[in-house]
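S.K.: Dropping in start.cif, which is mmCIF, C-alpha atoms and all ligand atoms:
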data_final
loop_
_atom_site.group_PDB
_atom_site.id
_atom_site.type_symbol
_atom_site.label_atom_id
_atom_site.label_comp_id
_atom_site.auth_asym_id
_atom_site.auth_seq_id
_atom_site.Cartn_x
_atom_site.Cartn_y
_atom_site.Cartn_z
ATOM 1 C CA MET A 1 0.000 0.000 0.000
ATOM 2 C CA ILE A 2 1.593 3.274 -1.036
ATOM 3 C CA ARG A 3 0.198 6.478 0.380
ATOM 4 C CA ALA A 4 1.288 9.760 -1.182
ATOM 5 C CA ILE A 5 1.033 13.350 -0.035
ATOM 6 C CA TYR A 6 0.491 16.173 -2.480
ATOM 7 C CA PRO A 7 1.326 19.356 -0.573
ATOM 8 C CA GLY A 8 0.840 22.940 -1.637
ATOM 9 C CA THR A 9 -0.705 26.299 -0.990
ATOM 10 C CA PHE A 10 -3.400 26.012 -3.663
ATOM 11 C CA ASP A 11 -4.439 29.672 -3.478
ATOM 12 C CA PRO A 12 -6.600 28.899 -5.369
ATOM 13 C CA LEU A 13 -6.868 25.369 -6.749
ATOM 14 C CA THR A 14 -6.370 25.256 -10.533
ATOM 15 C CA LEU A 15 -6.942 22.546 -13.117
ATOM 16 C CA GLY A 16 -3.160 22.072 -13.153
ATOM 17 C CA HIS A 17 -3.228 21.045 -9.477
ATOM 18 C CA LEU A 18 -6.268 18.831 -10.004
ATOM 19 C CA ASP A 19 -4.615 17.129 -12.956
ATOM 20 C CA ILE A 20 -1.590 16.205 -10.821
ATOM 21 C CA ALA A 21 -3.772 14.862 -7.971
ATOM 22 C CA ASN A 22 -5.861 12.749 -10.351
ATOM 23 C CA ARG A 23 -2.801 11.343 -12.090
ATOM 24 C CA ALA A 24 -1.164 10.598 -8.727
ATOM 25 C CA ALA A 25 -4.310 8.701 -7.711
ATOM 26 C CA ILE A 26 -3.738 6.369 -10.664
ATOM 27 C CA LEU A 27 -0.217 5.595 -9.455
ATOM 28 C CA PHE A 28 -0.728 5.398 -5.693
ATOM 29 C CA ASP A 29 -3.260 3.698 -3.429
ATOM 30 C CA GLU A 30 -4.070 6.856 -1.490
ATOM 31 C CA VAL A 31 -3.339 10.518 -2.117
ATOM 32 C CA ILE A 32 -3.599 13.057 0.679
ATOM 33 C CA VAL A 33 -3.862 16.603 -0.606
ATOM 34 C CA ALA A 34 -2.160 18.626 2.122
ATOM 35 C CA VAL A 35 -3.174 22.280 2.151
ATOM 36 C CA TYR A 36 -0.517 24.415 3.784
ATOM 37 C CA ASP A 37 -2.181 26.359 6.557
ATOM 38 C CA ALA A 38 0.213 29.215 7.126
ATOM 39 C CA PRO A 39 2.684 29.735 4.299
ATOM 40 C CA PRO A 40 4.941 32.786 4.492
ATOM 41 C CA LYS A 41 2.990 34.526 1.743
ATOM 42 C CA ASN A 42 -0.146 36.640 1.556
ATOM 43 C CA LEU A 43 -3.101 34.507 0.655
ATOM 44 C CA LEU A 44 -6.376 35.381 -1.042
ATOM 45 C CA PHE A 45 -8.310 32.412 0.352
ATOM 46 C CA THR A 46 -8.468 31.076 3.921
ATOM 47 C CA THR A 47 -7.391 27.557 4.700
ATOM 48 C CA GLN A 48 -11.031 26.494 5.066
ATOM 49 C CA GLU A 49 -11.853 27.966 1.658
ATOM 50 C CA ARG A 50 -8.877 26.249 0.003
ATOM 51 C CA ILE A 51 -9.827 22.929 1.607
ATOM 52 C CA ALA A 52 -13.466 23.306 0.554
ATOM 53 C CA MET A 53 -12.367 23.968 -3.050
ATOM 54 C CA TRP A 54 -10.391 20.736 -3.095
ATOM 55 C CA ARG A 55 -13.107 18.684 -1.390
ATOM 56 C CA ALA A 56 -15.703 19.806 -3.922
ATOM 57 C CA ALA A 57 -13.318 18.988 -6.775
ATOM 58 C CA VAL A 58 -12.397 15.463 -5.618
ATOM 59 C CA SER A 59 -15.703 14.348 -4.098
ATOM 60 C CA ASP A 60 -15.932 11.595 -6.743
ATOM 61 C CA SER A 61 -12.386 10.337 -6.126
ATOM 62 C CA PRO A 62 -12.363 7.908 -3.192
ATOM 63 C CA LYS A 63 -8.563 7.628 -3.246
ATOM 64 C CA ILE A 64 -8.041 11.357 -2.668
ATOM 65 C CA SER A 65 -8.512 12.976 0.739
ATOM 66 C CA VAL A 66 -7.868 16.567 1.784
ATOM 67 C CA ARG A 67 -6.476 18.023 4.997
ATOM 68 C CA ALA A 68 -4.723 21.096 6.325
ATOM 69 C CA TYR A 69 -1.236 21.060 7.772
ATOM 70 C CA THR A 70 1.333 23.325 9.358
ATOM 71 C CA GLY A 71 5.023 22.817 9.885
ATOM 72 C CA LEU A 72 7.312 20.660 7.809
ATOM 73 C CA THR A 73 5.832 18.630 4.970
ATOM 74 C CA VAL A 74 8.130 15.708 5.773
ATOM 75 C CA ASP A 75 6.851 15.665 9.367
ATOM 76 C CA LEU A 76 3.341 15.317 7.992
ATOM 77 C CA ALA A 77 4.494 12.541 5.653
ATOM 78 C CA VAL A 78 6.028 10.591 8.530
ATOM 79 C CA GLU A 79 3.001 11.204 10.775
ATOM 80 C CA ALA A 80 0.600 10.093 8.039
ATOM 81 C CA ASP A 81 2.797 7.116 7.130
ATOM 82 C CA ALA A 82 3.151 8.373 3.546
ATOM 83 C CA ARG A 83 6.200 7.209 1.622
ATOM 84 C CA VAL A 84 5.819 9.565 -1.306
ATOM 85 C CA LEU A 85 5.709 13.336 -1.709
ATOM 86 C CA VAL A 86 4.192 14.320 -5.032
ATOM 87 C CA ARG A 87 5.063 17.629 -6.665
ATOM 88 C CA GLY A 88 4.157 19.005 -10.053
ATOM 89 C CA LEU A 89 6.828 20.371 -12.382
ATOM 90 C CA ARG A 90 6.027 23.083 -14.871
ATOM 91 C CA ALA A 91 8.513 25.166 -16.810
ATOM 92 C CA LEU A 92 12.226 24.949 -16.065
ATOM 93 C CA SER A 93 11.849 27.633 -13.414
ATOM 94 C CA ASP A 94 10.238 25.140 -10.991
ATOM 95 C CA PHE A 95 13.212 22.824 -11.162
ATOM 96 C CA GLU A 96 15.803 24.578 -9.035
ATOM 97 C CA TYR A 97 13.430 25.276 -6.154
ATOM 98 C CA GLU A 98 12.037 21.755 -6.221
ATOM 99 C CA GLN A 99 15.474 20.169 -6.370
ATOM 100 C CA GLU A 100 16.671 22.150 -3.365
ATOM 101 C CA MET A 101 13.503 21.285 -1.438
ATOM 102 C CA ALA A 102 13.725 17.596 -2.354
ATOM 103 C CA LEU A 103 17.361 17.334 -1.255
ATOM 104 C CA THR A 104 16.566 19.072 2.035
ATOM 105 C CA ASN A 105 13.561 16.823 2.628
ATOM 106 C CA LYS A 106 15.625 13.729 1.844
ATOM 107 C CA ARG A 107 18.094 14.710 4.530
ATOM 108 C CA LEU A 108 15.289 15.291 7.042
ATOM 109 C CA ALA A 109 13.326 12.147 6.197
ATOM 110 C CA PRO A 110 15.376 9.663 4.135
ATOM 111 C CA ASP A 111 12.495 7.197 3.799
ATOM 112 C CA VAL A 112 10.179 9.675 2.092
ATOM 113 C CA GLU A 113 10.626 9.728 -1.668
ATOM 114 C CA ALA A 114 9.823 12.799 -3.787
ATOM 115 C CA VAL A 115 8.057 12.021 -7.054
ATOM 116 C CA PHE A 116 7.778 14.747 -9.679
ATOM 117 C CA MET A 117 5.042 14.721 -12.250
ATOM 118 C CA MET A 118 5.386 16.809 -15.384
ATOM 119 C CA SER A 119 2.497 19.200 -15.817
ATOM 120 C CA SER A 120 0.176 18.415 -18.697
ATOM 121 C CA HIS A 121 0.664 20.442 -21.844
ATOM 122 C CA ASP A 122 -2.367 22.690 -21.322
ATOM 123 C CA TYR A 123 -1.315 23.645 -17.799
ATOM 124 C CA HIS A 124 2.390 24.151 -18.274
ATOM 125 C CA TYR A 125 2.255 27.909 -17.770
ATOM 126 C CA LEU A 126 -0.661 27.930 -15.355
ATOM 127 C CA SER A 127 -0.121 29.227 -11.814
ATOM 128 C CA SER A 128 -2.393 30.366 -9.019
ATOM 129 C CA SER A 129 -0.648 33.755 -9.003
ATOM 130 C CA ARG A 130 -1.325 34.349 -12.699
ATOM 131 C CA ILE A 131 -4.960 33.298 -12.248
ATOM 132 C CA LYS A 132 -5.425 35.807 -9.397
ATOM 133 C CA GLU A 133 -3.687 38.572 -11.289
ATOM 134 C CA LEU A 134 -5.810 38.105 -14.403
ATOM 135 C CA TRP A 135 -9.047 37.862 -12.403
ATOM 136 C CA MET A 136 -8.156 41.052 -10.560
ATOM 137 C CA LEU A 137 -7.487 42.807 -13.871
ATOM 138 C CA GLY A 138 -10.855 41.780 -15.289
ATOM 139 C CA LYS A 139 -9.578 38.986 -17.583
ATOM 140 C CA PRO A 140 -10.749 35.822 -15.842
ATOM 141 C CA MET A 141 -9.347 32.564 -17.244
ATOM 142 C CA ARG A 142 -12.414 30.517 -16.320
ATOM 143 C CA GLU A 143 -11.317 27.555 -18.393
ATOM 144 C CA MET A 144 -8.294 27.005 -16.139
ATOM 145 C CA VAL A 145 -10.105 26.504 -12.803
ATOM 146 C CA PRO A 146 -12.994 24.279 -11.676
ATOM 147 C CA PRO A 147 -16.326 26.139 -11.979
ATOM 148 C CA HIS A 148 -16.774 26.561 -8.201
ATOM 149 C CA VAL A 149 -13.304 28.111 -7.938
ATOM 150 C CA GLY A 150 -14.290 30.539 -10.689
ATOM 151 C CA VAL A 151 -17.326 31.560 -8.641
ATOM 152 C CA ALA A 152 -15.151 32.103 -5.544
ATOM 153 C CA LEU A 153 -12.690 34.211 -7.531
ATOM 154 C CA THR A 154 -15.467 36.357 -8.972
ATOM 155 C CA GLU A 155 -16.738 36.978 -5.433
ATOM 156 C CA LYS A 156 -13.277 38.252 -4.469
ATOM 157 C CA PHE A 157 -12.879 40.278 -7.671
ATOM 158 C CA PRO A 158 -16.366 41.364 -8.815
ATOM 159 C CA PRO A 159 -16.504 42.632 -12.410
ATOM 160 C CA LYS A 160 -16.286 46.425 -12.550
ATOM 161 C CA GLY A 161 -18.986 48.621 -14.014
HETATM 162 P P1 LIG A 201 3.543 25.821 -3.359
HETATM 163 O O1 LIG A 201 3.304 27.101 -2.651
HETATM 164 O O2 LIG A 201 3.840 24.656 -2.477
HETATM 165 O O3 LIG A 201 4.457 25.883 -4.543
HETATM 166 P P2 LIG A 201 1.328 25.665 -5.190
HETATM 167 O O4 LIG A 201 -0.065 25.673 -4.751
HETATM 168 O O5 LIG A 201 1.797 26.807 -6.003
HETATM 169 O O6 LIG A 201 2.108 25.454 -3.854
HETATM 170 O O7 LIG A 201 1.654 24.338 -5.975
HETATM 171 C C1 LIG A 201 1.523 23.075 -5.384
HETATM 172 C C2 LIG A 201 2.150 22.040 -6.269
HETATM 173 O O8 LIG A 201 1.462 21.985 -7.510
HETATM 174 C C3 LIG A 201 3.608 22.306 -6.644
HETATM 175 O O9 LIG A 201 4.263 21.065 -6.757
HETATM 176 C C4 LIG A 201 3.506 22.967 -7.979
HETATM 177 O O10 LIG A 201 4.684 22.800 -8.748
HETATM 178 C C5 LIG A 201 2.356 22.203 -8.569
HETATM 179 N N1 LIG A 201 1.681 22.961 -9.611
HETATM 180 C C6 LIG A 201 1.240 24.232 -9.563
HETATM 181 N N2 LIG A 201 0.649 24.593 -10.716
HETATM 182 C C7 LIG A 201 0.741 23.508 -11.534
HETATM 183 C C8 LIG A 201 0.366 23.243 -12.887
HETATM 184 N N3 LIG A 201 -0.190 24.187 -13.638
HETATM 185 N N4 LIG A 201 0.628 22.019 -13.389
HETATM 186 C C9 LIG A 201 1.236 21.087 -12.634
HETATM 187 N N5 LIG A 201 1.636 21.265 -11.366
HETATM 188 C C10 LIG A 201 1.393 22.458 -10.819
#
Do you think you could lay out the structure here as structure tokens?
Ligand code: ADP
M.R.:
Amino acid sequence: MIRAIYPGTFDPLTLGHLDIANRAAILFDEVIVAVYDAPPKNLLFTTQERIAMWRAAVSDSPKISVRAYTGLTVDLAVEADARVLVRGLRALSDFEYEQEMALTNKRLAPDVEAVFMMSSHDYHYLSSSRIKELWMLGKPMREMVPPHVGVALTEKFPPKG
């Protein structure tokens, strides 16, 4: 039985994130989406909102569960008895950060293996930050988020005029 953790901020959830979680659920027996409670960045959505977005999106996927966490991701992995940390890789710019993080995590928890999944073609340049920026500027990319996330974004950034 291999349990994997897919950690992130998910502010907000995009179809790129969902694609990684669904593909991970094909590979592993269980996938825990771990929503980082207090990252050192300003967030648009609360932890409860980010969790609710995920739960609504994976309600038909029995292998995927969603929870919040604080502290080190590897501590959560050990606590949850998860052997795998899943991360998505987009353009080359993700690589250096992810490599540094993976090597640090390996030192902290040698039994936890990082597995990187290449983003799908359509989502290669998709990020939560870009989604927020475009929504704020009145150019919502609705096709890149689940419908309920689009509704939540429009509540935060109502159309002007
Ligand atoms: P973090 O703050 O941990 O980077 P994010 O919410 O930005 O959290 O991303 C969580 C994970 O999802 C990371 O592994 C990130 O590389 C991956 N990810 C983000 N956007 C995409 C995407 N469009 N396609 C594939 N993976 C993605």
S.K.: Let me know the centre plus edge lengths, in Å and rounded to one decimal, of a box with edges along x, y and z that contains all listed atoms of region 87-90 of chain A and is padded by 3 Å on every side, as AutoDock Vina command-line options.
M.R.:
--center_x 5.5 --center_y 20.4 --center_z -10.8 --size_x 8.7 --size_y 11.5 --size_z 14.2
S.K.: Counting all atoms listed in the file, give me one row per residue of region 56-149 of chain A with an atom at most 6 Å from an atom of region 7-29 of chain A, showing the shortest contact pair and its distance in Å to one decimal, sorted by chain then residue number, as a Markdown table.
M.R.:
| residue | atom | partner | partner_atom | distance |
| --- | --- | --- | --- | --- |
| A:Tyr123 | CA | A:Gly16 | CA | 5.2 |
| A:Ser128 | CA | A:Pro12 | CA | 5.8 |
| A:Met144 | CA | A:Leu15 | CA | 5.6 |
| A:Val145 | CA | A:Thr14 | CA | 4.5 |
S.K.: Can you list, as a ChimeraX atom specification, every protein, DNA or RNA residue that comes within 12 Å of Glu113 (chain A) when you count only C-alpha atoms, leaving out same-chain residues fewer than 5 positions away?
M.R.: /A:2-5,74,77-78,82-87,101-108
S.K.: Given all atoms listed in the file as the basis, pick out the residue of A:Met118, A:Val149, A:Ala80, A:Ile32 nearest to Arg50 (chain A).
M.R.: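 The shortest atom-to-atom distance to Arg50 (chain A) comes from A:Val149.
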S.K.: Could you jot down the atom O8 of ligand LIG 201 (chain A) to CA of Tyr125 (chain A) separation for me, Å, one decimal place?
M.R.: 11.9 Å
S.K.: Take the point (-13.6, 8.5, -7.5) in the file's coordinates, draw a sphere of radius 12 Å around it, and report as a ChimeraX atom specification every protein, DNA or RNA residue with an atom inside or on it, counting all atoms listed in the file.
M.R.: /A:21-22,25-26,30-31,55,57-65
S.K.: Which residue gives the smallest distance to Leu76 (chain A) among A:Ala109, A:Thr154, A:Pro146, A:Asp94, with all atoms listed in the file counted?
M.R.: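 The closest residue to Leu76 (chain A) is A:Ala109.
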S.K.: For a quick check of your reading of the model, name the residues lying within 12 Å of the coordinate (-12.3, 40.8, -10.4), counting only C-alpha atoms, and write them as a list in words.
M.R.: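 So the residues meeting the distance criterion are Ile131, Lys132, Glu133, Leu134, Trp135, Met136, Leu137, Gly138, Lys139, Pro140, Met141, Arg142, Gly150, Val151, Ala152, Leu153, Thr154, Glu155, Lys156, Phe157, Pro158, Pro159, Lys160 and Gly161 of chain A.
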S.K.: I'd like the interatomic distance between CA of Asp81 (chain A) and CA of Ser127 (chain A), to a tenth of an Å.
M.R.: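 Calculated distance between CA of Asp81 (chain A) and CA of Ser127 (chain A) is 29.3 Å.
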S.K.: So which one's closest to Gln99 (chain A), A:Phe116, A:Asp111, A:Trp54, A:Val33? Using all atoms listed in the file, please.
M.R.: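 Closest to Gln99 (chain A) of all the choices is A:Phe116.
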S.K.: To one decimal place, how far is CA of Met117 (chain A) from atom C7 of ligand LIG 201 (chain A) in Å?
M.R.: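 It comes out at 9.8 Å.
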S.K.: Out of A:Thr73, A:Val112, A:Ser129, A:Gly88, which residue has the shortest atom-to-atom distance to ligand LIG 201 (chain A) when counting all atoms listed in the file?
M.R.: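 Comparing A:Thr73, A:Val112, A:Ser129, A:Gly88 against ligand LIG 201 (chain A), the winner is A:Gly88.
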S.K.: Of the candidates A:Leu92, A:Val66, A:Ile51, A:Ala56, which shows the shortest atom-to-atom distance to His124 (chain A), using all atoms listed in the file?
M.R.: A:Leu92
